>>> print(open('data-v7.cif').read())   # mmCIF, C-alpha atoms
data_model
loop_
_atom_site.group_PDB
_atom_site.id
_atom_site.type_symbol
_atom_site.label_atom_id
_atom_site.label_comp_id
_atom_site.auth_asym_id
_atom_site.auth_seq_id
_atom_site.Cartn_x
_atom_site.Cartn_y
_atom_site.Cartn_z
ATOM 1 C CA MET Z 1 0.441 81.034 -82.485
ATOM 2 C CA ARG Z 2 -1.708 80.624 -85.571
ATOM 3 C CA PHE Z 3 -0.172 79.950 -88.967
ATOM 4 C CA VAL Z 4 -2.951 78.257 -90.883
ATOM 5 C CA SER Z 5 -5.908 80.459 -91.698
ATOM 6 C CA GLY Z 6 -8.386 77.758 -92.663
ATOM 7 C CA GLY Z 7 -8.504 79.022 -96.212
ATOM 8 C CA ASP Z 8 -9.360 75.524 -97.398
ATOM 9 C CA GLY Z 9 -12.711 75.690 -95.586
ATOM 10 C CA ALA Z 10 -13.394 79.210 -96.834
ATOM 11 C CA LEU Z 11 -12.766 78.228 -100.448
ATOM 12 C CA ASP Z 12 -14.814 75.057 -100.100
ATOM 13 C CA GLN Z 13 -17.730 77.029 -98.651
ATOM 14 C CA ALA Z 14 -17.444 79.729 -101.311
ATOM 15 C CA LEU Z 15 -17.632 77.057 -104.008
ATOM 16 C CA ARG Z 16 -20.698 75.500 -102.371
ATOM 17 C CA ASP Z 17 -22.350 78.925 -102.224
ATOM 18 C CA LEU Z 18 -21.514 79.553 -105.862
ATOM 19 C CA LEU Z 19 -23.003 76.216 -106.940
ATOM 20 C CA ALA Z 20 -26.129 76.838 -104.863
ATOM 21 C CA GLU Z 21 -26.550 80.262 -106.473
ATOM 22 C CA TRP Z 22 -26.036 78.693 -109.882
ATOM 23 C CA ALA Z 23 -28.761 76.134 -109.173
ATOM 24 C CA ASP Z 24 -31.136 79.016 -108.389
ATOM 25 C CA CYS Z 25 -29.904 80.798 -111.471
ATOM 26 C CA GLU Z 26 -30.559 77.776 -113.678
ATOM 27 C CA ALA Z 27 -34.164 77.720 -112.548
ATOM 28 C CA ALA Z 28 -34.651 81.372 -113.430
ATOM 29 C CA TRP Z 29 -32.443 81.724 -116.512
ATOM 30 C CA ARG Z 30 -33.427 79.234 -119.131
ATOM 31 C CA ASP Z 31 -32.074 80.336 -122.446
ATOM 32 C CA ASP Z 32 -29.122 79.257 -124.571
ATOM 33 C CA ALA Z 33 -26.942 82.018 -123.204
ATOM 34 C CA ARG Z 34 -27.002 80.373 -119.785
ATOM 35 C CA ARG Z 35 -25.927 77.017 -121.215
ATOM 36 C CA ASP Z 36 -23.281 78.718 -123.306
ATOM 37 C CA PHE Z 37 -21.987 80.615 -120.270
ATOM 38 C CA ALA Z 38 -21.801 77.390 -118.278
ATOM 39 C CA GLU Z 39 -19.879 75.578 -120.999
ATOM 40 C CA ARG Z 40 -17.521 78.414 -121.877
ATOM 41 C CA HIS Z 41 -16.875 79.851 -118.428
ATOM 42 C CA LEU Z 42 -18.463 78.333 -115.369
ATOM 43 C CA ASP Z 43 -17.653 74.651 -115.846
ATOM 44 C CA GLY Z 44 -13.960 75.437 -116.171
ATOM 45 C CA ILE Z 45 -14.026 77.661 -113.101
ATOM 46 C CA VAL Z 46 -15.773 74.995 -111.040
ATOM 47 C CA ASP Z 47 -13.356 72.271 -112.176
ATOM 48 C CA ARG Z 48 -10.403 74.491 -111.385
ATOM 49 C CA ALA Z 49 -11.877 75.454 -108.018
ATOM 50 C CA ARG Z 50 -12.369 71.791 -107.089
ATOM 51 C CA GLU Z 51 -8.724 71.098 -107.883
ATOM 52 C CA ALA Z 52 -7.774 74.163 -105.859
ATOM 53 C CA VAL Z 53 -9.805 72.955 -102.872
ATOM 54 C CA VAL Z 54 -7.993 69.608 -102.985
ATOM 55 C CA ALA Z 55 -4.583 71.294 -103.174
ATOM 56 C CA ILE Z 56 -5.254 73.767 -100.396
ATOM 57 C CA LYS Z 57 -6.765 71.083 -98.150
ATOM 58 C CA ARG Z 58 -3.670 68.931 -98.612
ATOM 59 C CA LEU Z 59 -1.409 71.874 -97.871
ATOM 60 C CA ASP Z 60 -3.443 72.839 -94.809
ATOM 61 C CA ALA Z 61 -3.362 69.270 -93.489
ATOM 62 C CA LEU Z 62 0.385 69.089 -94.048
ATOM 63 C CA LEU Z 63 1.025 72.367 -92.244
ATOM 64 C CA ARG Z 64 -1.230 71.462 -89.323
ATOM 65 C CA GLU Z 65 0.495 68.117 -88.902
ATOM 66 C CA GLY Z 66 3.909 69.760 -89.053
ATOM 67 C CA ILE Z 67 2.924 72.312 -86.417
ATOM 68 C CA GLN Z 68 1.485 69.616 -84.176
ATOM 69 C CA ARG Z 69 4.468 67.262 -84.504
ATOM 70 C CA CYS Z 70 7.045 69.971 -83.940
ATOM 71 C CA SER Z 71 5.424 71.930 -81.105
ATOM 72 C CA MET B 1 -26.960 85.796 -127.961
ATOM 73 C CA SER B 2 -30.206 84.859 -129.637
ATOM 74 C CA GLY B 3 -32.792 84.698 -126.816
ATOM 75 C CA VAL B 4 -33.590 85.925 -123.319
ATOM 76 C CA ASP B 5 -35.625 83.726 -121.016
ATOM 77 C CA LEU B 6 -35.436 85.015 -117.484
ATOM 78 C CA ALA B 7 -37.857 84.548 -114.602
ATOM 79 C CA ARG B 8 -36.242 87.550 -112.875
ATOM 80 C CA HIS B 9 -34.553 90.369 -114.716
ATOM 81 C CA ASP B 10 -31.750 90.613 -112.101
ATOM 82 C CA VAL B 11 -30.841 86.909 -112.042
ATOM 83 C CA ILE B 12 -27.682 87.398 -114.091
ATOM 84 C CA ARG B 13 -26.433 90.271 -111.955
ATOM 85 C CA ASP B 14 -27.237 88.314 -108.779
ATOM 86 C CA PHE B 15 -25.170 85.424 -110.023
ATOM 87 C CA ARG B 16 -22.426 87.781 -111.143
ATOM 88 C CA ALA B 17 -22.257 89.200 -107.605
ATOM 89 C CA GLN B 18 -22.019 85.669 -106.174
ATOM 90 C CA LEU B 19 -19.276 84.794 -108.646
ATOM 91 C CA ALA B 20 -17.377 87.928 -107.617
ATOM 92 C CA ARG B 21 -17.672 86.897 -103.956
ATOM 93 C CA PHE B 22 -16.440 83.419 -104.810
ATOM 94 C CA LEU B 23 -13.456 84.794 -106.720
ATOM 95 C CA HIS B 24 -12.586 87.081 -103.835
ATOM 96 C CA ALA B 25 -12.733 84.167 -101.353
ATOM 97 C CA GLY B 26 -10.662 82.030 -103.715
ATOM 98 C CA ALA B 27 -8.019 84.701 -104.178
ATOM 99 C CA THR B 28 -7.784 85.232 -100.422
ATOM 100 C CA ALA B 29 -7.443 81.510 -99.666
ATOM 101 C CA LEU B 30 -5.169 80.562 -102.542
ATOM 102 C CA GLY B 31 -3.099 83.723 -102.423
ATOM 103 C CA GLY B 32 -2.422 83.122 -98.738
ATOM 104 C CA ALA B 33 -1.306 79.516 -99.151
ATOM 105 C CA GLY B 34 2.290 80.351 -100.022
ATOM 106 C CA GLY B 35 2.512 82.731 -97.081
ATOM 107 C CA GLU B 36 1.229 80.072 -94.688
ATOM 108 C CA LEU B 37 3.857 77.611 -95.873
ATOM 109 C CA HIS B 38 6.521 80.291 -95.491
ATOM 110 C CA ARG B 39 5.377 81.166 -91.956
ATOM 111 C CA VAL B 40 5.394 77.539 -90.802
ATOM 112 C CA ARG B 41 8.791 76.907 -92.386
ATOM 113 C CA ASP B 42 10.160 80.069 -90.798
ATOM 114 C CA TRP B 43 8.732 79.084 -87.423
ATOM 115 C CA LEU B 44 10.360 75.647 -87.639
ATOM 116 C CA TRP B 45 13.705 77.045 -88.766
ATOM 117 C CA SER B 46 14.045 80.094 -86.544
ATOM 118 C CA VAL B 47 12.021 79.123 -83.462
ATOM 119 C CA GLN B 48 11.598 75.376 -83.028
ATOM 120 C CA ARG B 49 14.925 74.271 -84.426
ATOM 121 C CA PRO B 50 17.077 76.489 -82.140
ATOM 122 C CA TYR B 51 14.741 75.825 -79.211
ATOM 123 C CA TRP B 52 15.119 72.046 -79.416
ATOM 124 C CA ARG B 53 18.844 72.202 -80.174
ATOM 125 C CA ASN B 54 19.246 74.320 -77.069
ATOM 126 C CA GLN B 55 17.080 71.916 -75.099
ATOM 127 C CA LEU B 56 19.188 69.007 -76.333
ATOM 128 C CA ARG B 57 22.383 70.677 -75.156
ATOM 129 C CA HIS B 58 20.934 71.470 -71.692
ATOM 130 C CA ARG B 59 19.345 68.074 -71.298
ATOM 131 C CA HIS B 60 22.515 66.281 -72.363
ATOM 132 C CA GLU B 61 24.468 68.269 -69.776
ATOM 133 C CA ALA B 62 21.832 67.384 -67.167
ATOM 134 C CA TYR B 63 22.123 63.732 -68.141
ATOM 135 C CA VAL B 64 25.930 63.801 -67.843
ATOM 136 C CA VAL B 65 25.609 65.327 -64.363
ATOM 137 C CA ALA B 66 22.964 62.787 -63.333
ATOM 138 C CA ARG B 67 25.061 59.910 -64.659
ATOM 139 C CA ARG B 68 28.101 61.137 -62.760
ATOM 140 C CA ALA B 69 26.008 61.376 -59.590
ATOM 141 C CA TRP B 70 24.783 57.820 -60.123
ATOM 142 C CA LEU B 71 28.317 56.505 -60.709
ATOM 143 C CA ASP B 72 29.526 58.313 -57.571
ATOM 144 C CA ALA B 73 26.628 56.818 -55.647
ATOM 145 C CA GLU B 74 27.474 53.343 -56.954
ATOM 146 C CA VAL B 75 31.054 53.762 -55.758
ATOM 147 C CA GLU B 76 29.759 54.830 -52.353
ATOM 148 C CA VAL B 77 27.517 51.768 -52.193
ATOM 149 C CA ARG B 78 30.429 49.462 -53.046
ATOM 150 C CA GLN B 79 32.661 51.176 -50.523
ATOM 151 C CA ALA B 80 29.955 50.913 -47.861
ATOM 152 C CA ALA B 81 29.582 47.238 -48.650
ATOM 153 C CA GLY B 82 33.356 46.851 -48.164
ATOM 154 C CA GLY B 83 33.162 48.743 -44.896
ATOM 155 C CA ARG B 84 35.482 51.475 -46.197
ATOM 156 C CA GLY B 85 33.124 54.469 -46.392
ATOM 157 C CA ALA B 86 29.910 56.025 -45.151
ATOM 158 C CA ARG B 87 27.046 53.567 -45.003
ATOM 159 C CA ARG B 88 25.013 53.587 -48.156
ATOM 160 C CA GLN B 89 22.359 51.019 -49.057
ATOM 161 C CA ASP B 90 21.949 51.610 -52.791
ATOM 162 C CA ALA B 91 22.039 54.139 -55.649
ATOM 163 C CA THR B 92 18.443 53.662 -56.786
ATOM 164 C CA GLU B 93 17.459 57.288 -56.436
ATOM 165 C CA GLU B 94 20.426 58.467 -58.509
ATOM 166 C CA ARG B 95 19.746 55.789 -61.102
ATOM 167 C CA PHE B 96 16.115 56.919 -61.458
ATOM 168 C CA ALA B 97 17.248 60.528 -61.764
ATOM 169 C CA MET B 98 19.744 59.534 -64.432
ATOM 170 C CA GLU B 99 17.077 57.603 -66.366
ATOM 171 C CA ARG B 100 14.711 60.577 -66.204
ATOM 172 C CA ALA B 101 17.465 62.821 -67.527
ATOM 173 C CA ARG B 102 18.251 60.347 -70.291
ATOM 174 C CA ARG B 103 14.602 60.169 -71.358
ATOM 175 C CA ALA B 104 14.409 63.967 -71.428
ATOM 176 C CA ARG B 105 17.569 64.130 -73.528
ATOM 177 C CA ASP B 106 16.279 61.439 -75.898
ATOM 178 C CA GLN B 107 13.018 63.348 -76.292
ATOM 179 C CA ALA B 108 14.917 66.508 -77.236
ATOM 180 C CA GLU B 109 17.012 64.470 -79.665
ATOM 181 C CA GLU B 110 13.832 63.147 -81.277
ATOM 182 C CA ARG B 111 12.391 66.659 -81.543
ATOM 183 C CA VAL B 112 15.530 67.956 -83.232
ATOM 184 C CA ALA B 113 15.281 65.104 -85.730
ATOM 185 C CA THR B 114 11.523 65.684 -86.177
ATOM 186 C CA VAL B 115 11.969 69.387 -86.873
ATOM 187 C CA ARG B 116 14.747 68.615 -89.359
ATOM 188 C CA ALA B 117 12.564 65.995 -91.071
ATOM 189 C CA TRP B 118 9.597 68.374 -91.274
ATOM 190 C CA LEU B 119 11.677 71.152 -92.749
ATOM 191 C CA ALA B 120 12.654 68.718 -95.500
ATOM 192 C CA ARG B 121 9.083 67.485 -95.886
ATOM 193 C CA LEU B 122 7.663 70.980 -96.236
ATOM 194 C CA GLU B 123 10.202 71.628 -98.953
ATOM 195 C CA ARG B 124 9.448 68.344 -100.704
ATOM 196 C CA ASP B 125 5.651 68.174 -100.318
ATOM 197 C CA GLY B 126 4.558 71.631 -99.225
ATOM 198 C CA ALA B 127 6.317 73.741 -101.832
ATOM 199 C CA PRO B 128 4.685 71.938 -104.806
ATOM 200 C CA LEU B 129 1.262 72.264 -103.167
ATOM 201 C CA ALA B 130 1.781 75.975 -102.549
ATOM 202 C CA HIS B 131 2.936 76.310 -106.149
ATOM 203 C CA ALA B 132 -0.204 74.486 -107.317
ATOM 204 C CA CYS B 133 -2.360 76.832 -105.228
ATOM 205 C CA GLN B 134 -0.648 79.789 -106.853
ATOM 206 C CA GLY B 135 -1.378 78.322 -110.294
ATOM 207 C CA HIS B 136 -5.033 77.788 -109.388
ATOM 208 C CA ASP B 137 -5.178 81.334 -108.053
ATOM 209 C CA LEU B 138 -3.911 82.808 -111.313
ATOM 210 C CA ALA B 139 -6.106 80.561 -113.468
ATOM 211 C CA LEU B 140 -9.234 81.352 -111.452
ATOM 212 C CA ALA B 141 -8.494 85.072 -111.558
ATOM 213 C CA ARG B 142 -8.087 84.956 -115.337
ATOM 214 C CA ALA B 143 -11.132 82.759 -116.011
ATOM 215 C CA GLY B 144 -13.143 84.638 -113.404
ATOM 216 C CA ALA B 145 -12.440 88.011 -114.994
ATOM 217 C CA GLN B 146 -13.613 86.690 -118.361
ATOM 218 C CA ALA B 147 -16.734 85.174 -116.792
ATOM 219 C CA LEU B 148 -17.572 88.399 -114.950
ATOM 220 C CA ALA B 149 -17.154 90.377 -118.160
ATOM 221 C CA GLN B 150 -19.387 87.959 -120.042
ATOM 222 C CA LEU B 151 -22.059 88.140 -117.341
ATOM 223 C CA GLU B 152 -21.891 91.925 -117.482
ATOM 224 C CA ARG B 153 -22.403 91.818 -121.256
ATOM 225 C CA LEU B 154 -25.337 89.430 -120.836
ATOM 226 C CA ALA B 155 -26.885 91.593 -118.126
ATOM 227 C CA ALA B 156 -26.447 94.687 -120.299
ATOM 228 C CA HIS B 157 -28.151 92.826 -123.102
ATOM 229 C CA VAL B 158 -31.103 92.099 -120.818
ATOM 230 C CA ASP B 159 -31.168 95.736 -119.697
ATOM 231 C CA ALA B 160 -31.206 96.859 -123.294
ATOM 232 C CA TYR B 161 -34.004 94.458 -124.081
ATOM 233 C CA LEU B 162 -36.069 95.611 -121.108
ATOM 234 C CA ALA B 163 -35.564 99.207 -122.196
ATOM 235 C CA LEU B 164 -37.220 98.448 -125.537
ATOM 236 C CA PRO B 165 -40.766 99.727 -126.057
ATOM 237 C CA ALA B 166 -43.264 96.946 -125.392
ATOM 238 C CA SER B 167 -44.229 96.621 -129.058
ATOM 239 C CA ALA B 168 -40.609 96.210 -130.125
ATOM 240 C CA ALA B 169 -40.075 93.678 -127.379
ATOM 241 C CA ASP B 170 -43.140 91.754 -128.494
ATOM 242 C CA VAL B 171 -41.756 91.556 -131.993
ATOM 243 C CA ALA B 172 -38.440 90.424 -130.632
ATOM 244 C CA ARG B 173 -39.994 87.957 -128.207
ATOM 245 C CA ALA B 174 -40.626 84.282 -128.240
ATOM 246 C CA ALA B 175 -39.222 81.748 -130.537
ATOM 247 C CA PRO B 176 -41.776 79.812 -132.551
ATOM 248 C CA GLY B 177 -43.449 77.082 -130.540
ATOM 249 C CA ASP B 178 -43.335 78.924 -127.215
ATOM 250 C CA ASP B 179 -46.389 78.324 -125.080
ATOM 251 C CA PRO B 180 -47.608 81.759 -123.903
ATOM 252 C CA ASP B 181 -49.345 80.240 -120.874
ATOM 253 C CA ASP B 182 -46.063 78.823 -119.685
ATOM 254 C CA ALA B 183 -44.063 81.969 -120.303
ATOM 255 C CA PRO B 184 -42.091 83.417 -117.382
ATOM 256 C CA VAL B 185 -42.458 86.994 -116.298
ATOM 257 C CA ASP B 186 -39.905 89.544 -117.360
ATOM 258 C CA GLY B 187 -38.920 92.758 -115.591
ATOM 259 C CA ARG B 188 -41.889 94.694 -116.951
ATOM 260 C CA GLY B 189 -44.490 92.211 -115.788
ATOM 261 C CA GLY B 190 -44.835 90.678 -119.240
ATOM 262 C CA PRO B 191 -43.621 87.326 -120.484
ATOM 263 C CA ALA B 192 -39.900 86.789 -120.893
ATOM 264 C CA CYS B 193 -38.722 87.417 -124.382
ATOM 265 C CA ALA B 194 -36.376 86.314 -127.068
ATOM 266 C CA SER B 195 -34.353 88.984 -128.762
#
>>> encode(input="data-v7.cif", output="structure tokens")
Amino acid sequence: MRFVSGGDGALDQALRDLLAEWADCEAAWRDDARRDFAERHLDGIVDRAREAVVAIKRLDALLREGIQRCS
Amino acid sequence: MSGVDLARHDVIRDFRAQLARFLHAGATALGGAGGELHRVRDWLWSVQRPYWRNQLRHRHEAYVVARRAWLDAEVEVRQAAGGRGARRQDATEERFAMERARRARDQAEERVATVRAWLARLERDGAPLAHACQGHDLALARAGAQALAQLERLAAHVDAYLALPASAADVARAAPGDDPDDAPVDGRGGPACAS
């Protein structure tokens, strides 16, 4: 039986992909609007996503341990 | 927005698409966290807990039977030694069987306690984490929607600029001090422009 979907890994990977795309974007989009977008929107999203990855990893680890100990 | 400096005219929309994919993955992962906690808790409560309680009852009964058999065997050994009953050397086999049954019962007892402890732990540690995931989910959805809207506005601005006649774009282009030789290419094959 499978209870834990591995969402922590999916979110982590999605964040890595987003940051990689942003690095490409930075090279191709070089005006003030890009910096303004990063400061007003993206930085907050990335910070929040990193916190979310930590939380979901901790929850996933907890659930996996519980399943393993109680099986 | 005061200027546009893009090496590719679709860079903003490409990033917007990636951001949308990220937000979808985030919503799926974070939105499912509470459900995963609920499923594990439900499995512990309604499957593992009754299973191990049932096992404990059966194994305790088996231990009681094994212990009785060992005690009976011990009596037989003593009687045989006194010459009053059938000949019996020892009760080792019954003792081993009783010890096996006791270990099995103790294991079930431990599992019952473990399941109980984990139900409490999931409530204590898991529920706040699931709640945090839910908060992150909502915050990302809100911030993500604003970011997507802003990227759409920026992309529309670029589209509008690229739709300008070349002469108008030239007037709108390039802040003072720009080096034309170093200028990137915009969507029409010309240098990227300020607007």
>>> interface_residues(input="data-v7.cif", of="chain Z", to="chain B", cutoff="9 Å", atoms="all atoms listed in the file", output="ChimeraX atom specification")
/Z:3-15,17-18,21-22,24-25,27-33,37,40-42,44-45,48-49,51-53,55-56,58-60,62-63,66-67,69-71
>>> resolve_selection(input="data-v7.cif", expression="the PyMOL selection byres ((chain B and resi 93) around 12)", output="ChimeraX atom specification")
/B:66-67,69-71,73-74,88-92,94-100
>>> write_last_selection(input="data-v7.cif", atoms="C-alpha atoms", output="PDB file, in the frame of the given file")
ATOM      1  CA  ALA B  66      22.964  62.787 -63.333  1.00  0.00           C
ATOM      2  CA  ARG B  67      25.061  59.910 -64.659  1.00  0.00           C
ATOM      3  CA  ALA B  69      26.008  61.376 -59.590  1.00  0.00           C
ATOM      4  CA  TRP B  70      24.783  57.820 -60.123  1.00  0.00           C
ATOM      5  CA  LEU B  71      28.317  56.505 -60.709  1.00  0.00           C
ATOM      6  CA  ALA B  73      26.628  56.818 -55.647  1.00  0.00           C
ATOM      7  CA  GLU B  74      27.474  53.343 -56.954  1.00  0.00           C
ATOM      8  CA  ARG B  88      25.013  53.587 -48.156  1.00  0.00           C
ATOM      9  CA  GLN B  89      22.359  51.019 -49.057  1.00  0.00           C
ATOM     10  CA  ASP B  90      21.949  51.610 -52.791  1.00  0.00           C
ATOM     11  CA  ALA B  91      22.039  54.139 -55.649  1.00  0.00           C
ATOM     12  CA  THR B  92      18.443  53.662 -56.786  1.00  0.00           C
ATOM     13  CA  GLU B  94      20.426  58.467 -58.509  1.00  0.00           C
ATOM     14  CA  ARG B  95      19.746  55.789 -61.102  1.00  0.00           C
ATOM     15  CA  PHE B  96      16.115  56.919 -61.458  1.00  0.00           C
ATOM     16  CA  ALA B  97      17.248  60.528 -61.764  1.00  0.00           C
ATOM     17  CA  MET B  98      19.744  59.534 -64.432  1.00  0.00           C
ATOM     18  CA  GLU B  99      17.077  57.603 -66.366  1.00  0.00           C
ATOM     19  CA  ARG B 100      14.711  60.577 -66.204  1.00  0.00           C
TER      20      ARG B 100
END
>>> atom_distance(input="data-v7.cif", atom1="atom CA of Arg105 of chain B", atom2="atom CA of Ala62 of chain B")
8.3 Å
>>> atom_distance(input="data-v7.cif", atom1="atom CA of Val77 of chain B", atom2="atom CA of Val64 of chain B")
19.8 Å
>>> atom_distance(input="data-v7.cif", atom1="atom CA of Ala155 of chain B", atom2="atom CA of Glu39 of chain Z")
17.7 Å
>>> build_atoms(input="data-v7.cif", residues="segment 35-64 of chain Z", atoms="N, CA and C atoms", output="compact mmCIF listing (two decimals), in the coordinates of the input")
# COMPACT_ATOMS: atom_id res chain seq x y z
N ARG Z 35 -26.66 78.26 -120.92
CA ARG Z 35 -25.93 77.02 -121.22
C ARG Z 35 -24.56 77.34 -121.81
N ASP Z 36 -24.55 78.32 -122.68
CA ASP Z 36 -23.28 78.72 -123.31
C ASP Z 36 -22.31 79.27 -122.26
N PHE Z 37 -22.84 80.07 -121.34
CA PHE Z 37 -21.99 80.61 -120.27
C PHE Z 37 -21.42 79.48 -119.42
N ALA Z 38 -22.26 78.51 -119.10
CA ALA Z 38 -21.80 77.39 -118.28
C ALA Z 38 -20.68 76.64 -118.99
N GLU Z 39 -20.88 76.36 -120.27
CA GLU Z 39 -19.88 75.58 -121.00
C GLU Z 39 -18.58 76.35 -121.21
N ARG Z 40 -18.71 77.63 -121.54
CA ARG Z 40 -17.52 78.41 -121.88
C ARG Z 40 -16.78 78.95 -120.66
N HIS Z 41 -17.50 79.18 -119.57
CA HIS Z 41 -16.88 79.85 -118.43
C HIS Z 41 -17.01 79.07 -117.12
N LEU Z 42 -18.25 78.82 -116.74
CA LEU Z 42 -18.46 78.33 -115.37
C LEU Z 42 -17.90 76.93 -115.13
N ASP Z 43 -18.11 76.02 -116.07
CA ASP Z 43 -17.65 74.65 -115.85
C ASP Z 43 -16.14 74.61 -115.59
N GLY Z 44 -15.41 75.39 -116.36
CA GLY Z 44 -13.96 75.44 -116.17
C GLY Z 44 -13.58 76.01 -114.82
N ILE Z 45 -14.31 77.04 -114.41
CA ILE Z 45 -14.03 77.66 -113.10
C ILE Z 45 -14.31 76.66 -111.98
N VAL Z 46 -15.41 75.96 -112.10
CA VAL Z 46 -15.77 75.00 -111.04
C VAL Z 46 -14.76 73.85 -110.98
N ASP Z 47 -14.37 73.34 -112.16
CA ASP Z 47 -13.36 72.27 -112.18
C ASP Z 47 -12.06 72.75 -111.54
N ARG Z 48 -11.65 73.94 -111.92
CA ARG Z 48 -10.40 74.49 -111.38
C ARG Z 48 -10.52 74.71 -109.88
N ALA Z 49 -11.68 75.20 -109.45
CA ALA Z 49 -11.88 75.45 -108.02
C ALA Z 49 -11.84 74.15 -107.22
N ARG Z 50 -12.40 73.08 -107.80
CA ARG Z 50 -12.37 71.79 -107.09
C ARG Z 50 -10.92 71.31 -106.93
N GLU Z 51 -10.15 71.47 -107.98
CA GLU Z 51 -8.72 71.10 -107.88
C GLU Z 51 -8.03 71.97 -106.84
N ALA Z 52 -8.39 73.24 -106.82
CA ALA Z 52 -7.77 74.16 -105.86
C ALA Z 52 -8.13 73.77 -104.42
N VAL Z 53 -9.38 73.37 -104.22
CA VAL Z 53 -9.80 72.96 -102.87
C VAL Z 53 -8.99 71.74 -102.42
N VAL Z 54 -8.79 70.79 -103.33
CA VAL Z 54 -7.99 69.61 -102.98
C VAL Z 54 -6.57 70.02 -102.61
N ALA Z 55 -5.97 70.87 -103.43
CA ALA Z 55 -4.58 71.29 -103.17
C ALA Z 55 -4.46 72.04 -101.85
N ILE Z 56 -5.38 72.95 -101.61
CA ILE Z 56 -5.25 73.77 -100.40
C ILE Z 56 -5.59 72.94 -99.15
N LYS Z 57 -6.48 71.97 -99.29
CA LYS Z 57 -6.76 71.08 -98.15
C LYS Z 57 -5.54 70.24 -97.82
N ARG Z 58 -4.88 69.74 -98.85
CA ARG Z 58 -3.67 68.93 -98.61
C ARG Z 58 -2.58 69.78 -97.97
N LEU Z 59 -2.43 71.00 -98.45
CA LEU Z 59 -1.41 71.87 -97.87
C LEU Z 59 -1.75 72.21 -96.42
N ASP Z 60 -3.01 72.52 -96.18
CA ASP Z 60 -3.44 72.84 -94.81
C ASP Z 60 -3.20 71.67 -93.87
N ALA Z 61 -3.55 70.46 -94.32
CA ALA Z 61 -3.36 69.27 -93.49
C ALA Z 61 -1.88 69.06 -93.20
N LEU Z 62 -1.06 69.26 -94.22
CA LEU Z 62 0.38 69.09 -94.05
C LEU Z 62 0.93 70.08 -93.02
N LEU Z 63 0.52 71.34 -93.16
CA LEU Z 63 1.02 72.37 -92.24
C LEU Z 63 0.56 72.11 -90.81
N ARG Z 64 -0.71 71.73 -90.68
CA ARG Z 64 -1.23 71.46 -89.32
C ARG Z 64 -0.48 70.30 -88.68
